[in-house]
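Coordinates from structure.txt are shown below (compact mmCIF, C-alpha atoms).
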# COMPACT_ATOMS: atom_id res chain seq x y z
CA MET A 3 147.83 103.80 138.42
CA PRO A 4 145.66 106.77 139.49
CA GLN A 5 145.26 107.13 143.25
CA LEU A 6 142.00 107.73 145.08
CA PHE A 7 141.63 110.86 147.19
CA HIS A 8 139.18 111.94 149.84
CA ALA A 9 136.11 113.81 148.53
CA GLU A 10 136.08 116.60 151.08
CA TYR A 11 132.70 117.91 149.96
CA GLY A 12 130.87 114.61 149.45
CA TRP A 13 127.12 114.69 150.02
CA THR A 14 127.47 111.80 152.48
CA LYS A 15 128.34 114.50 155.02
CA VAL A 16 124.67 115.50 155.16
CA ALA A 17 122.70 112.42 154.06
CA ASN A 18 122.72 108.70 153.37
CA LEU A 19 123.52 108.44 149.66
CA LEU A 20 122.21 105.66 147.42
CA THR A 21 123.63 105.73 143.89
CA ILE A 22 121.75 103.83 141.19
CA GLU A 23 123.48 103.03 137.91
CA GLN A 24 120.63 103.39 135.45
CA PRO A 25 119.27 102.71 132.91
CA LYS A 26 120.17 99.03 132.80
CA GLY A 27 123.18 98.35 130.61
CA VAL A 28 125.01 101.54 131.62
CA GLY A 29 128.55 101.18 132.94
CA PHE A 30 128.98 97.85 134.72
CA SER A 31 125.27 97.05 134.91
CA TYR A 32 123.87 94.53 132.47
CA CYS A 33 120.76 92.72 131.27
CA THR A 34 120.10 89.03 131.83
CA GLY A 35 118.22 86.62 129.58
CA GLY A 36 120.41 86.85 126.51
CA GLY A 37 118.41 89.49 124.64
CA PRO A 38 119.55 93.03 123.74
CA CYS A 39 119.49 95.66 126.47
CA ARG A 40 117.02 98.36 125.37
CA ASN A 41 115.63 101.33 127.29
CA ASP A 42 113.57 104.45 126.79
CA ASP A 43 112.39 107.26 129.07
CA THR A 44 109.32 105.31 130.20
CA SER A 45 110.97 101.93 130.80
CA THR A 46 113.86 103.58 132.68
CA ALA A 47 111.43 105.23 135.10
CA GLN A 48 109.59 101.94 135.63
CA ASP A 49 112.80 99.98 136.22
CA THR A 50 114.18 102.55 138.65
CA TYR A 51 110.91 102.67 140.55
CA GLU A 52 110.95 98.88 140.98
CA ALA A 53 114.60 99.02 142.10
CA LEU A 54 113.80 101.61 144.78
CA VAL A 55 110.80 99.66 146.08
CA ALA A 56 113.01 96.56 146.30
CA PHE A 57 115.77 98.51 148.06
CA PHE A 58 113.51 99.84 150.81
CA ALA A 59 111.94 96.40 151.22
CA ALA A 60 115.43 94.96 151.75
CA TYR A 61 116.53 97.80 154.07
CA PRO A 62 113.40 98.90 155.96
CA GLU A 63 115.47 100.81 158.52
CA PHE A 64 115.79 103.63 155.98
CA LYS A 65 112.03 104.04 155.61
CA ALA A 66 111.98 106.36 158.61
CA SER A 67 114.06 108.98 156.77
CA PRO A 68 112.72 111.39 154.14
CA PHE A 69 113.80 110.20 150.70
CA TYR A 70 114.84 112.59 147.90
CA VAL A 71 115.89 111.91 144.32
CA THR A 72 118.68 113.99 142.74
CA GLY A 73 120.27 114.08 139.31
CA GLU A 74 121.82 116.28 136.63
CA SER A 75 121.48 116.99 132.91
CA TYR A 76 119.18 114.35 131.36
CA ALA A 77 117.96 113.72 134.89
CA GLY A 78 115.62 116.59 133.99
CA VAL A 79 113.81 113.74 132.21
CA TYR A 80 114.80 110.80 134.45
CA VAL A 81 113.72 112.40 137.73
CA PRO A 82 110.22 113.67 136.91
CA MET A 83 109.43 110.44 135.08
CA LEU A 84 110.50 108.48 138.17
CA MET A 85 108.49 110.84 140.39
CA GLN A 86 105.44 110.12 138.26
CA GLN A 87 105.88 106.40 138.95
CA LEU A 88 106.26 107.07 142.68
CA ASP A 89 103.23 109.34 142.67
CA GLU A 90 100.97 106.97 140.75
CA HIS A 91 101.98 103.64 142.29
CA GLY A 92 103.07 104.57 145.82
CA GLY A 93 105.14 102.11 147.80
CA LEU A 94 107.52 104.73 149.21
CA PRO A 95 105.62 106.81 151.78
CA ASN A 96 108.90 108.51 152.77
CA PHE A 97 109.36 110.07 149.31
CA ALA A 98 109.63 113.83 149.83
CA GLY A 99 110.91 115.51 146.66
CA ALA A 100 113.76 116.07 144.25
CA ALA A 101 116.69 118.28 143.26
CA ILE A 102 117.64 118.61 139.57
CA GLY A 103 120.72 120.38 138.22
CA ASN A 104 121.15 121.88 134.71
CA GLY A 105 118.37 119.57 133.62
CA CYS A 106 116.55 119.28 130.30
CA TRP A 107 112.85 119.98 130.72
CA GLY A 108 112.02 117.33 128.11
CA SER A 109 113.76 114.95 125.74
CA ASP A 110 114.48 117.82 123.31
CA CYS A 111 115.43 120.16 126.16
CA PHE A 112 114.43 123.59 124.86
CA TYR A 113 110.64 123.89 124.90
CA GLY A 114 108.78 127.17 125.12
CA VAL A 115 111.87 129.23 124.34
CA HIS A 116 114.19 129.00 121.35
CA GLU A 117 117.83 127.91 121.50
CA SER A 118 118.89 131.07 119.67
CA GLN A 119 117.24 133.24 122.30
CA ILE A 120 118.88 131.24 125.10
CA ASP A 121 122.30 131.46 123.42
CA TYR A 122 121.98 135.21 122.88
CA HIS A 123 121.13 135.94 126.50
CA THR A 124 123.79 133.51 127.76
CA PHE A 125 126.60 135.05 125.69
CA LEU A 126 125.35 138.56 126.47
CA GLY A 127 125.37 137.83 130.20
CA GLN A 128 128.95 136.54 130.08
CA ASP A 129 130.24 139.40 127.86
CA PHE A 130 131.17 136.98 125.08
CA ILE A 131 129.80 139.33 122.40
CA SER A 132 130.44 143.00 121.74
CA PRO A 133 127.99 145.65 123.01
CA ALA A 134 127.62 146.89 119.43
CA LEU A 135 126.44 143.47 118.22
CA VAL A 136 124.15 143.10 121.25
CA LYS A 137 122.38 146.28 120.24
CA ARG A 138 121.97 145.17 116.61
CA ILE A 139 120.64 141.71 117.56
CA ALA A 140 118.17 143.19 120.05
CA SER A 141 116.88 145.50 117.35
CA SER A 142 116.57 142.87 114.61
CA CYS A 143 115.59 139.70 116.52
CA ASP A 144 113.71 140.69 119.66
CA GLY A 145 110.09 139.59 119.53
CA VAL A 146 110.58 137.30 116.52
CA TRP A 147 112.87 134.59 117.96
CA LEU A 148 110.49 131.68 117.42
CA ASN A 149 109.69 132.37 113.77
CA ALA A 150 112.84 134.08 112.58
CA THR A 151 115.61 131.79 113.77
CA SER A 152 116.79 128.38 112.70
CA PRO A 153 114.82 125.40 114.07
CA ASP A 154 118.20 124.00 115.07
CA GLY A 155 119.20 127.00 117.15
CA THR A 156 121.72 129.78 116.75
CA CYS A 157 124.82 127.61 116.71
CA GLY A 158 123.09 124.35 115.90
CA GLY A 159 125.44 123.16 113.20
CA GLN A 160 123.09 123.92 110.29
CA ALA A 161 122.89 126.94 108.00
CA MET A 162 120.20 129.49 108.81
CA PRO A 163 118.03 131.44 106.35
CA GLN A 164 119.59 134.72 105.29
CA SER A 165 117.44 137.32 107.02
CA PRO A 166 119.01 140.28 108.88
CA CYS A 167 118.37 138.50 112.21
CA HIS A 168 119.94 135.26 111.03
CA LYS A 169 123.03 136.99 109.70
CA LEU A 170 123.55 138.75 113.03
CA LEU A 171 123.16 135.48 114.96
CA GLU A 172 125.74 133.83 112.73
CA GLU A 173 128.04 136.76 113.45
CA MET A 174 127.43 136.21 117.17
CA CYS A 175 128.57 132.57 116.89
CA THR A 176 131.74 133.75 115.15
CA GLN A 177 132.40 136.43 117.77
CA VAL A 178 132.10 134.09 120.76
CA GLY A 179 134.55 131.63 119.20
CA ASP A 180 132.24 128.68 119.64
CA ASP A 181 135.07 126.22 118.98
CA LYS A 182 137.34 127.82 121.60
CA PHE A 183 135.51 127.12 124.87
CA ASN A 184 134.20 124.05 126.66
CA VAL A 185 130.46 123.87 126.00
CA TYR A 186 129.88 122.37 129.45
CA ASN A 187 131.84 125.06 131.32
CA MET A 188 132.53 128.27 129.42
CA TYR A 189 135.41 129.22 131.75
CA ASP A 190 137.03 125.78 131.89
CA THR A 191 140.83 126.02 131.67
CA CYS A 192 141.71 122.34 131.42
CA PHE A 193 141.22 121.63 127.73
CA PRO A 194 138.79 122.43 124.90
CA ASN A 195 135.73 120.25 124.54
CA ASP A 196 137.78 117.61 122.70
CA GLY A 197 138.03 119.95 119.71
CA ARG A 198 134.22 120.11 119.35
CA SER A 199 132.56 123.46 118.77
CA LEU A 200 129.15 124.36 120.15
CA PRO A 201 127.52 123.60 116.74
CA ALA A 202 129.22 120.19 116.63
CA VAL A 203 128.10 119.31 120.16
CA ARG A 204 124.55 120.48 119.51
CA ALA A 205 124.41 118.52 116.26
CA ALA A 206 125.73 115.35 117.95
CA LEU A 207 123.27 115.61 120.83
CA ARG A 208 120.35 116.32 118.50
CA ALA A 209 121.18 113.32 116.33
CA ALA A 210 121.58 111.00 119.33
CA LYS A 211 117.90 110.24 119.89
CA GLY A 212 118.89 106.60 119.91
CA ALA A 213 122.18 106.36 121.80
CA THR A 214 124.00 103.03 121.81
CA LEU A 215 126.52 102.11 124.51
CA THR A 216 128.96 99.38 123.56
CA SER A 217 131.01 99.15 126.77
CA TRP A 218 131.11 100.38 130.33
CA ARG A 219 133.49 103.16 129.24
CA ASP A 220 130.69 104.91 127.33
CA ALA A 221 129.07 105.72 130.67
CA MET A 222 132.13 107.80 131.59
CA ARG A 223 131.37 110.41 128.90
CA THR A 224 129.27 113.49 129.45
CA HIS A 225 127.11 112.02 126.69
CA PRO A 226 127.76 108.79 124.74
CA ALA A 227 127.65 110.79 121.50
CA LEU A 228 130.66 112.81 122.69
CA HIS A 229 134.18 111.82 123.65
CA ALA A 230 136.43 112.78 126.54
CA ALA A 231 139.88 114.25 125.98
CA SER A 232 142.47 111.75 124.85
CA ASP A 233 144.82 110.14 127.33
CA SER A 234 147.75 111.51 125.35
CA MET A 235 146.63 115.08 126.04
CA LEU A 236 146.39 114.44 129.75
CA GLU A 237 149.58 112.42 130.01
CA ALA A 238 151.39 115.48 128.63
CA MET A 239 150.12 117.58 131.54
CA THR A 240 152.28 117.92 134.61
CA PRO A 241 150.67 117.64 138.06
CA GLU A 242 150.98 121.42 138.31
CA THR A 243 148.90 121.96 135.18
CA ARG A 244 146.30 119.40 136.19
CA ALA A 245 145.45 121.16 139.43
CA GLY A 246 145.02 124.73 140.60
CA GLN A 247 142.97 125.75 137.58
CA LEU A 248 140.06 128.15 137.49
CA ASN A 249 137.74 125.40 138.67
CA ASP A 250 137.56 123.56 142.00
CA TYR A 251 138.53 120.23 140.45
CA ALA A 252 141.69 118.68 139.04
CA CYS A 253 142.17 118.71 135.29
CA GLY A 254 142.26 115.20 133.87
CA SER A 255 140.01 113.68 136.50
CA GLU A 256 137.55 112.45 133.85
CA THR A 257 139.92 110.02 132.12
CA ARG A 258 141.83 109.20 135.31
CA MET A 259 138.68 107.72 136.79
CA GLU A 260 138.19 105.66 133.63
CA LYS A 261 141.76 104.38 133.84
CA TRP A 262 141.28 103.45 137.51
CA LEU A 263 138.05 101.56 136.75
CA ALA A 264 139.73 99.71 133.86
CA SER A 265 142.01 97.96 136.35
CA LYS A 266 141.12 94.28 136.74
CA ALA A 267 142.06 94.50 140.40
CA VAL A 268 139.63 97.38 140.93
CA GLN A 269 136.85 95.56 139.07
CA ALA A 270 137.41 92.45 141.18
CA ALA A 271 137.30 94.50 144.38
CA LEU A 272 134.04 96.14 143.27
CA HIS A 273 132.57 92.78 142.17
CA VAL A 274 131.74 94.05 138.67
CA THR A 275 132.33 92.92 135.11
CA THR A 276 132.72 94.83 131.85
CA SER A 277 129.60 93.45 130.19
CA GLY A 278 127.44 96.60 130.16
CA LYS A 279 125.88 97.39 126.76
CA MET A 280 122.56 98.96 125.81
CA HIS A 281 120.51 101.06 123.38
CA TYR A 282 118.42 104.04 124.50
CA ASP A 283 115.52 105.86 122.82
CA ALA A 284 114.22 109.24 124.03
CA ASN A 285 110.44 109.20 123.81
CA VAL A 286 108.66 111.68 126.09
CA GLY A 287 108.99 115.20 124.65
CA ASP A 288 107.98 118.30 126.64
CA LEU A 289 107.70 117.52 130.37
CA ARG A 290 106.57 120.93 131.64
CA PRO A 291 102.96 119.72 132.11
CA LEU A 292 104.27 116.88 134.30
CA TYR A 293 106.49 119.28 136.27
CA LYS A 294 103.41 121.45 136.87
CA LYS A 295 101.66 118.53 138.58
CA LEU A 296 104.73 117.54 140.59
CA VAL A 297 105.57 120.97 142.02
CA ALA A 298 102.05 121.06 143.45
CA LYS A 299 102.71 117.87 145.44
CA TYR A 300 106.42 117.69 146.27
CA LYS A 301 109.37 119.78 147.40
CA ILE A 302 111.48 120.49 144.31
CA LEU A 303 114.77 122.37 143.80
CA ILE A 304 115.94 123.31 140.30
CA TYR A 305 119.58 124.46 140.30
CA SER A 306 121.84 125.67 137.52
CA GLY A 307 125.57 126.25 137.13
CA ASN A 308 125.70 129.67 135.49
CA VAL A 309 128.58 129.06 133.06
CA ASP A 310 127.04 126.07 131.29
CA ALA A 311 126.48 126.69 127.56
CA CYS A 312 124.83 123.30 126.96
CA VAL A 313 121.74 123.77 129.17
CA PRO A 314 122.20 127.45 130.09
CA THR A 315 120.85 129.14 133.21
CA TRP A 316 118.81 131.64 131.18
CA GLY A 317 116.64 128.88 129.71
CA SER A 318 116.33 126.99 133.01
CA GLU A 319 115.19 130.13 134.83
CA PHE A 320 112.69 130.86 132.07
CA TRP A 321 110.77 127.60 132.34
CA THR A 322 110.90 127.40 136.14
CA ARG A 323 109.54 130.95 136.32
CA GLU A 324 106.67 129.84 134.07
CA LEU A 325 105.82 127.17 136.65
CA GLY A 326 106.34 129.26 139.75
CA GLU A 327 104.99 132.72 139.04
CA PRO A 328 101.29 131.74 138.90
CA HIS A 329 101.63 130.83 142.60
CA GLY A 330 103.32 134.09 143.55
CA VAL A 331 106.83 134.77 144.81
CA GLN A 332 107.52 133.66 148.38
CA THR A 333 111.11 134.98 148.55
CA ALA A 334 112.31 137.36 145.84
CA TRP A 335 115.54 136.91 143.85
CA HIS A 336 118.49 137.30 146.23
CA PRO A 337 122.11 136.21 146.76
CA TRP A 338 123.03 133.14 148.80
CA THR A 339 126.39 132.28 150.35
CA SER A 340 128.64 129.30 151.08
CA ASP A 341 132.11 128.66 152.44
CA ALA A 342 134.63 128.61 149.59
CA ALA A 343 136.67 125.56 148.62
CA SER A 344 139.82 127.55 147.83
CA PRO A 345 142.47 127.67 150.59
CA GLY A 346 142.72 131.12 152.11
CA SER A 347 139.34 132.27 150.81
CA SER A 348 136.95 134.12 153.08
CA LYS A 349 133.94 132.40 154.60
CA SER A 350 130.38 132.96 153.43
CA VAL A 351 131.32 133.96 149.90
CA LEU A 352 128.71 134.66 147.23
CA ALA A 353 127.70 131.28 145.80
CA GLY A 354 124.86 132.33 143.52
CA TYR A 355 121.28 133.57 143.52
CA ALA A 356 117.93 132.07 144.48
CA ILE A 357 114.19 132.64 144.22
CA THR A 358 111.41 130.70 145.95
CA TYR A 359 107.82 130.55 144.75
CA GLY A 360 104.63 130.23 146.77
CA ILE A 361 104.05 126.52 146.25
CA ASN A 362 105.82 123.80 148.28
CA ASN A 363 108.98 125.94 148.55
CA PHE A 364 109.59 125.45 144.81
CA THR A 365 113.04 127.03 144.44
CA PHE A 366 115.34 127.96 141.59
CA VAL A 367 119.04 128.40 142.50
CA THR A 368 122.04 129.48 140.45
CA VAL A 369 125.58 128.40 141.35
CA LYS A 370 128.24 130.96 140.44
CA GLY A 371 131.12 129.64 138.36
CA ALA A 372 129.73 126.11 137.97
CA GLY A 373 129.39 124.36 134.65
CA HIS A 374 127.02 121.60 133.54
CA GLU A 375 127.62 119.39 136.61
CA VAL A 376 127.53 121.63 139.68
CA PRO A 377 129.01 119.14 142.24
CA ARG A 378 131.95 118.54 139.89
CA TYR A 379 132.86 122.17 139.25
CA LYS A 380 131.88 123.76 142.58
CA PRO A 381 131.77 120.97 145.19
CA ALA A 382 131.80 123.26 148.25
CA PHE A 383 128.91 125.35 146.95
CA ALA A 384 127.05 122.18 145.95
CA LEU A 385 127.37 120.71 149.44
CA THR A 386 126.00 123.88 151.02
CA MET A 387 123.17 123.91 148.49
CA ILE A 388 122.03 120.32 149.05
CA ASP A 389 122.35 120.72 152.83
CA LYS A 390 120.06 123.76 152.75
CA PHE A 391 117.58 121.93 150.55
CA LEU A 392 117.40 118.82 152.75
CA LYS A 393 117.12 120.80 155.99
CA GLY A 394 114.66 123.32 154.58
CA THR A 395 117.05 126.14 155.44
CA PRO A 396 116.31 129.32 153.42
CA PHE A 397 118.86 130.18 150.74
What's the structure tokens form of this structure?
Amino acid sequence: MPQLFHAEYGWTKVANLLTIEQPKGVGFSYCTGGGPCRNDDTSTAQDTYEALVAFFAAYPEFKASPFYVTGESYAGVYVPMLMQQLDEHGGLPNFAGAAIGNGCWGSDCFYGVHESQIDYHTFLGQDFISPALVKRIASSCDGVWLNATSPDGTCGGQAMPQSPCHKLLEEMCTQVGDDKFNVYNMYDTCFPNDGRSLPAVRAALRAAKGATLTSWRDAMRTHPALHAASDSMLEAMTPETRAGQLNDYACGSETRMEKWLASKAVQAALHVTTSGKMHYDANVGDLRPLYKKLVAKYKILIYSGNVDACVPTWGSEFWTRELGEPHGVQTAWHPWTSDAASPGSSKSVLAGYAITYGINNFTFVTVKGAGHEVPRYKPAFALTMIDKFLKGTPF
């Protein structure tokens, strides 16, 4: 039976933390009334808004504190849609803003810039491709990304037309070994992404416009269309190989948590059942126009783990710069520091880079060495980051 351990860098050190399991039917949550549990981007925002209004009505003592919403990945859709509900309907005068990590900026994620362009700059920045190929791609593809590359991206799992640019991009996918690294953390040393290459992951995510969850376990995956590593792989690991890896987390923690939650004793102690099932439809598209309205009204932090190949930093910086630059730069691109999580490490180590624009402290932050979920891969850096955001301390 897996044992719990103390989360040394939990965000409860700097704030009251309310976790909402949403949309309905995820994990151990469920629908009543006997009908099927169905959600989309709009209904999820409406349901979550109503849940928050009910929470603060039940616990009015928290109304005196500023309230922020945070989330990662598809929360790039969840959070602004919820903010729109809060903005239009009110009911929470203490709502102050939001922090979103490695988030999609719409239900298809890559708007305004092509996946192939994002992939190229991501692999170039991490030295995954040879300088010789970099030069050839820049010569053949630069300036024609949007009309010369596959609509499904560089490594999108589908064949591209055979132009000089396309051939070079296919060569790039071969060079990086897109089936050799974890798409969600390019430097992960625990295990491959369950044998899935970047094209396979992209294809699965693109096809999953209508994701169906059949049990609470589906909520434990990075995405219900993907699968975690098998228990047999992790059982074969010794404690020494599960910990002390490149990352600040223990290998195998994903399926260990699932095994712990599968215990009937644990479920009884948490007062939950295993009845969660639901179907989800993505329905909103490009959310940059909504973000434009929200950054003018609320304090927003966009942060990005810089070794994520699923929603890479290069693309996230691109669209946030589009929003911020018209208002001018308040604080130019610069390094920020945090205490390290590793024993024996120096204090105030480089944690990433930040830029703040001249509207409501709209800030974009990178987190060095973090993958798709920053608090998971770099918990110490993440705690410093959220503390700075909540306190309004400059990065």
Distance of CA of Thr216 in chain A from CA of Lys261 in chain A, expressed in Å to one decimal place: 17.2 Å
Contacts of range 306-322 of chain A within 8 Å, only C-alpha atoms, excl. fewer than 3 positions in-chain, as a ChimeraX atom specification: /A:75,103-106,111-112,114-115,120-121,123-124,185-189,204,290,325-326,366-376
Gap from CA of Leu292 in chain A to CA of Met83 in chain A - Å, one decimal: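 These two atoms are separated by 8.3 Å.
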From A:Gln86, A:Thr14, A:Ser344, A:Asn363, residue lying nearest Lys295 in chain A [all atoms listed in the file]: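 Smallest separation from Lys295 in chain A among the options: A:Gln86.
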Nearest to Tyr32 in chain A by atom-to-atom distance, counting only C-alpha atoms, from A:Ala343, A:Gln332, A:Thr358, A:Lys279: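 Of A:Ala343, A:Gln332, A:Thr358, A:Lys279, the one nearest Tyr32 in chain A is A:Lys279, counting only C-alpha atoms.
In this model, the gap between CA of Lys15 in chain A and CA of Gly394 in chain A comes to 16.3 Å.
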Best match for closeness to Ser109 in chain A among A:Pro337, A:Gly287, A:Pro4, A:Pro68, counting only C-alpha atoms: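 Distance minimum relative to Ser109 in chain A lands on A:Gly287.
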